[in-house]
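Q: Structure file upload_11.tsv (TSV, C-alpha atoms) right here:
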```tsv
chain	number	residue	atom	x	y	z
A	1046	MET	CA	-0.14	13.80	25.32
A	1047	ALA	CA	0.60	17.05	23.51
A	1048	ALA	CA	-0.85	19.05	26.41
A	1049	ALA	CA	1.44	17.25	28.86
A	1050	ILE	CA	4.50	17.98	26.71
A	1051	VAL	CA	3.53	21.65	26.42
A	1052	ALA	CA	2.98	21.89	30.19
A	1053	VAL	CA	6.36	20.36	30.99
A	1054	ALA	CA	8.15	22.47	28.36
A	1055	ALA	CA	6.50	25.67	29.62
A	1056	GLY	CA	7.68	25.00	33.17
A	1057	ARG	CA	4.19	24.56	34.68
A	1058	SER	CA	5.05	21.11	35.96
A	1059	VAL	CA	6.98	19.67	38.87
A	1060	SER	CA	9.34	18.13	36.34
A	1061	ARG	CA	11.71	20.35	34.42
A	1062	LEU	CA	12.55	19.66	30.80
A	1063	ARG	CA	16.21	20.26	30.06
A	1064	LEU	CA	17.40	19.18	26.65
A	1065	PHE	CA	21.13	19.47	27.25
A	1066	ALA	CA	21.49	18.94	31.00
A	1067	THR	CA	24.34	16.47	30.48
A	1068	PRO	CA	26.96	17.15	27.82
A	1069	VAL	CA	27.24	14.53	25.11
A	1070	LYS	CA	30.52	12.60	25.22
A	1071	LEU	CA	31.74	11.71	21.76
A	1072	ALA	CA	34.15	8.87	22.65
A	1073	PRO	CA	31.44	6.33	23.66
A	1074	LEU	CA	29.33	7.43	20.71
A	1075	ALA	CA	32.24	6.85	18.32
A	1076	ALA	CA	32.85	3.37	19.79
A	1077	ILE	CA	29.21	2.43	19.26
A	1078	LEU	CA	29.19	3.81	15.73
A	1079	LYS	CA	32.29	1.79	14.79
A	1080	VAL	CA	30.33	-1.38	15.45
A	1081	GLY	CA	26.93	-0.19	14.24
A	1082	ALA	CA	28.13	1.45	11.04
A	1083	LEU	CA	29.10	-1.89	9.53
A	1084	ALA	CA	25.68	-3.34	10.30
A	1085	LEU	CA	24.12	-0.28	8.71
A	1086	VAL	CA	25.78	-1.04	5.37
A	1087	TYR	CA	23.70	-4.19	4.81
A	1088	SER	CA	20.44	-2.41	5.56
A	1089	LEU	CA	21.30	0.48	3.28
A	1090	CYS	CA	22.29	-1.85	0.44
A	1091	SER	CA	19.12	-3.89	0.77
A	1092	LEU	CA	16.83	-0.87	0.91
A	1093	THR	CA	18.65	0.85	-1.95
A	1094	ALA	CA	18.36	-2.26	-4.11
A	1095	VAL	CA	14.59	-2.41	-3.55
A	1096	ILE	CA	14.20	1.31	-4.27
A	1097	VAL	CA	16.28	1.10	-7.46
A	1098	ILE	CA	14.74	-2.11	-8.80
A	1099	THR	CA	11.08	-1.25	-8.10
A	1100	PRO	CA	10.65	1.12	-11.08
A	1101	PHE	CA	12.12	-1.51	-13.41
A	1102	MET	CA	9.66	-4.09	-12.10
A	1103	ALA	CA	6.82	-1.67	-12.88
A	1104	TRP	CA	7.71	-1.86	-16.57
A	1105	PHE	CA	6.71	-5.53	-16.56
A	1106	GLY	CA	3.21	-4.85	-15.26
A	1107	VAL	CA	1.18	-4.74	-12.12
A	1108	ASP	CA	1.39	-8.48	-11.42
A	1109	VAL	CA	5.19	-8.50	-11.55
A	1110	LEU	CA	5.36	-5.37	-9.40
A	1111	ALA	CA	3.01	-6.93	-6.83
A	1112	GLY	CA	5.09	-10.10	-6.75
A	1113	PHE	CA	8.27	-8.11	-6.29
A	1114	GLY	CA	6.66	-6.12	-3.48
A	1115	ILE	CA	5.54	-9.31	-1.74
A	1116	GLY	CA	9.04	-10.74	-2.07
A	1117	ALA	CA	10.64	-7.58	-0.71
A	1118	GLN	CA	8.26	-7.55	2.27
A	1119	LEU	CA	8.96	-11.21	2.95
A	1120	GLU	CA	12.70	-10.62	2.82
A	1121	PHE	CA	12.46	-7.72	5.26
A	1122	LEU	CA	10.48	-9.98	7.60
A	1123	LEU	CA	12.76	-13.01	7.38
A	1124	ILE	CA	16.13	-11.27	7.71
A	1125	PRO	CA	15.52	-10.00	11.28
A	1126	LEU	CA	14.16	-13.40	12.29
A	1127	ALA	CA	17.30	-15.10	11.02
A	1128	PHE	CA	19.57	-12.52	12.62
A	1129	SER	CA	17.83	-12.92	15.97
A	1130	PHE	CA	18.98	-16.53	16.25
A	1131	GLY	CA	22.49	-15.50	15.32
A	1132	ALA	CA	22.49	-12.67	17.86
A	1133	ALA	CA	21.35	-15.01	20.64
A	1134	SER	CA	24.03	-17.54	19.72
A	1135	ASN	CA	26.62	-14.78	19.59
A	1136	ALA	CA	25.58	-13.58	23.05
A	1137	LEU	CA	26.09	-17.09	24.48
A	1138	ALA	CA	29.64	-17.22	23.21
A	1139	ASP	CA	30.40	-13.61	24.17
A	1140	VAL	CA	29.26	-14.08	27.76
A	1141	SER	CA	31.50	-17.12	28.07
A	1142	PHE	CA	34.49	-15.24	26.64
A	1143	GLY	CA	33.77	-12.36	29.01
A	1144	ALA	CA	33.89	-14.79	31.94
A	1145	ASN	CA	37.28	-16.12	30.71
A	1146	GLN	CA	35.73	-19.49	29.86
A	1147	GLY	CA	37.17	-19.97	26.38
A	1148	GLN	CA	36.36	-23.67	26.14
A	1149	ARG	CA	32.72	-23.05	27.02
A	1150	ALA	CA	32.55	-20.20	24.50
A	1151	HIS	CA	34.04	-22.41	21.80
A	1152	ARG	CA	31.52	-25.16	22.57
A	1153	ALA	CA	28.61	-22.68	22.59
A	1154	GLY	CA	29.65	-21.25	19.24
A	1155	TRP	CA	29.96	-24.61	17.53
A	1156	THR	CA	26.77	-25.91	19.12
A	1157	ALA	CA	24.88	-22.89	17.83
A	1158	ALA	CA	26.40	-23.25	14.38
A	1159	LEU	CA	26.01	-26.98	13.85
A	1160	CYS	CA	23.24	-28.32	16.06
A	1161	TRP	CA	19.53	-27.68	16.40
A	1162	THR	CA	20.01	-24.01	17.09
A	1163	GLY	CA	20.90	-20.91	15.14
A	1164	ALA	CA	21.34	-21.71	11.48
A	1165	LEU	CA	19.00	-24.70	11.38
A	1166	TYR	CA	16.16	-22.90	13.14
A	1167	SER	CA	16.64	-19.93	10.84
A	1168	ALA	CA	16.61	-22.13	7.75
A	1169	VAL	CA	13.52	-24.04	8.87
A	1170	LEU	CA	11.65	-20.86	9.80
A	1171	ALA	CA	12.57	-19.05	6.58
A	1172	GLY	CA	11.75	-22.12	4.48
A	1173	LEU	CA	8.42	-22.63	6.22
A	1174	LEU	CA	7.33	-19.02	5.83
A	1175	GLY	CA	8.62	-18.82	2.26
A	1176	GLY	CA	6.90	-22.08	1.36
A	1177	LEU	CA	3.59	-20.91	2.85
A	1178	VAL	CA	3.78	-17.68	0.87
A	1179	ALA	CA	4.61	-19.61	-2.31
A	1180	VAL	CA	1.66	-21.98	-1.84
A	1181	PHE	CA	-0.81	-19.38	-0.51
A	1182	PRO	CA	0.25	-16.01	-1.96
A	1183	GLU	CA	-3.23	-14.54	-1.58
A	1184	PHE	CA	-3.00	-14.92	2.21
A	1185	TRP	CA	0.22	-12.92	2.36
A	1186	ALA	CA	-1.07	-10.30	-0.08
A	1187	THR	CA	-4.22	-9.71	1.96
A	1188	PHE	CA	-2.50	-10.10	5.36
A	1189	SER	CA	0.20	-7.52	4.83
```
Using structure tokens, write down the structure from this file.
A:
Amino acid sequence: MAAAIVAVAAGRSVSRLRLFATPVKLAPLAAILKVGALALVYSLCSLTAVIVITPFMAWFGVDVLAGFGIGAQLEFLLIPLAFSFGAASNALADVSFGANQGQRAHRAGWTAALCWTGALYSAVLAGLLGGLVAVFPEFWATFS
């Protein structure tokens, strides 16, 4: 892999490697960052909390620190799973709004929120995984 990159970068290949062939346009980048920056705040807060709290957990001993680490890993696994159901439900409503079908979008949003989709699946999945880890912590500790 490294040899191929060196060959392309040195110009000994049919392909030419140009880093800045197309100028970067800042307007689309700014529009994306407006949306993504808010989502970034949650991740930063969660990671910062784990980093700050970990040394305090170490004061209580190895067992407490291990339990905290297992809990932090489990949280970082469950949050994306829960958000994936929400993102799919959001996409259903957004597509309907984009097609100027407001009634369909409204129905899709409420169906995802209240019925056997979205929140309920997330709750069942998180509860099942959390319950399994609570009952069989040694499996999670050796698995991860």
Q: Counting all atoms listed in the file, which residues come within 12 Å of (6.1, -9.9, -3.7), with the point read in the file's coordinates, and could you list them as a PyMOL selection string?
A: chain A and resi 1095+1099+1102+1107-1121+1175+1178-1179+1182-1187+1189
Q: At what distance in Å, to one decimal, does atom CA of Phe1130 of chain A lie from atom CA of Ala1153 of chain A?
A: 13.1 Å
Q: Give me, as a list in words, all polymer residues having an atom no more than 12 Å from Ser1134 of chain A, counting only C-alpha atoms and skipping those fewer than 5 positions away in the same chain.
A: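 Once the adjacent positions are removed, what remains is Ala1127, Phe1128, Ser1129, Asp1139, Val1140, Ser1141, Ala1150, His1151, Arg1152, Ala1153, Gly1154, Trp1155, Thr1156, Ala1157, Ala1158, Leu1159, Cys1160, Trp1161, Thr1162, Gly1163, Ala1164, Tyr1166 and Ser1167 of chain A.
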Q: What is the distance, in Å and to one decimal place, between atom CA of Asn1135 of chain A and atom CA of Leu1083 of chain A?
A: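 Distance between the two atoms: 16.5 Å.
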Q: One decimal, Å: what's the distance from atom CA of Gly1172 of chain A over to atom CA of Gly1131 of chain A, could you say?
A: 16.6 Å
Q: Specify the axis-aligned box that encloses all atoms of segment 1073-1079 of chain A listed in the file after padding of 5 Å on each side, stating its centre and edge lengths in Å to one decimal as JSON.
A:
```
{"center_x": 31.0, "center_y": 4.6, "center_z": 19.2, "size_x": 13.7, "size_y": 15.6, "size_z": 18.9}
```
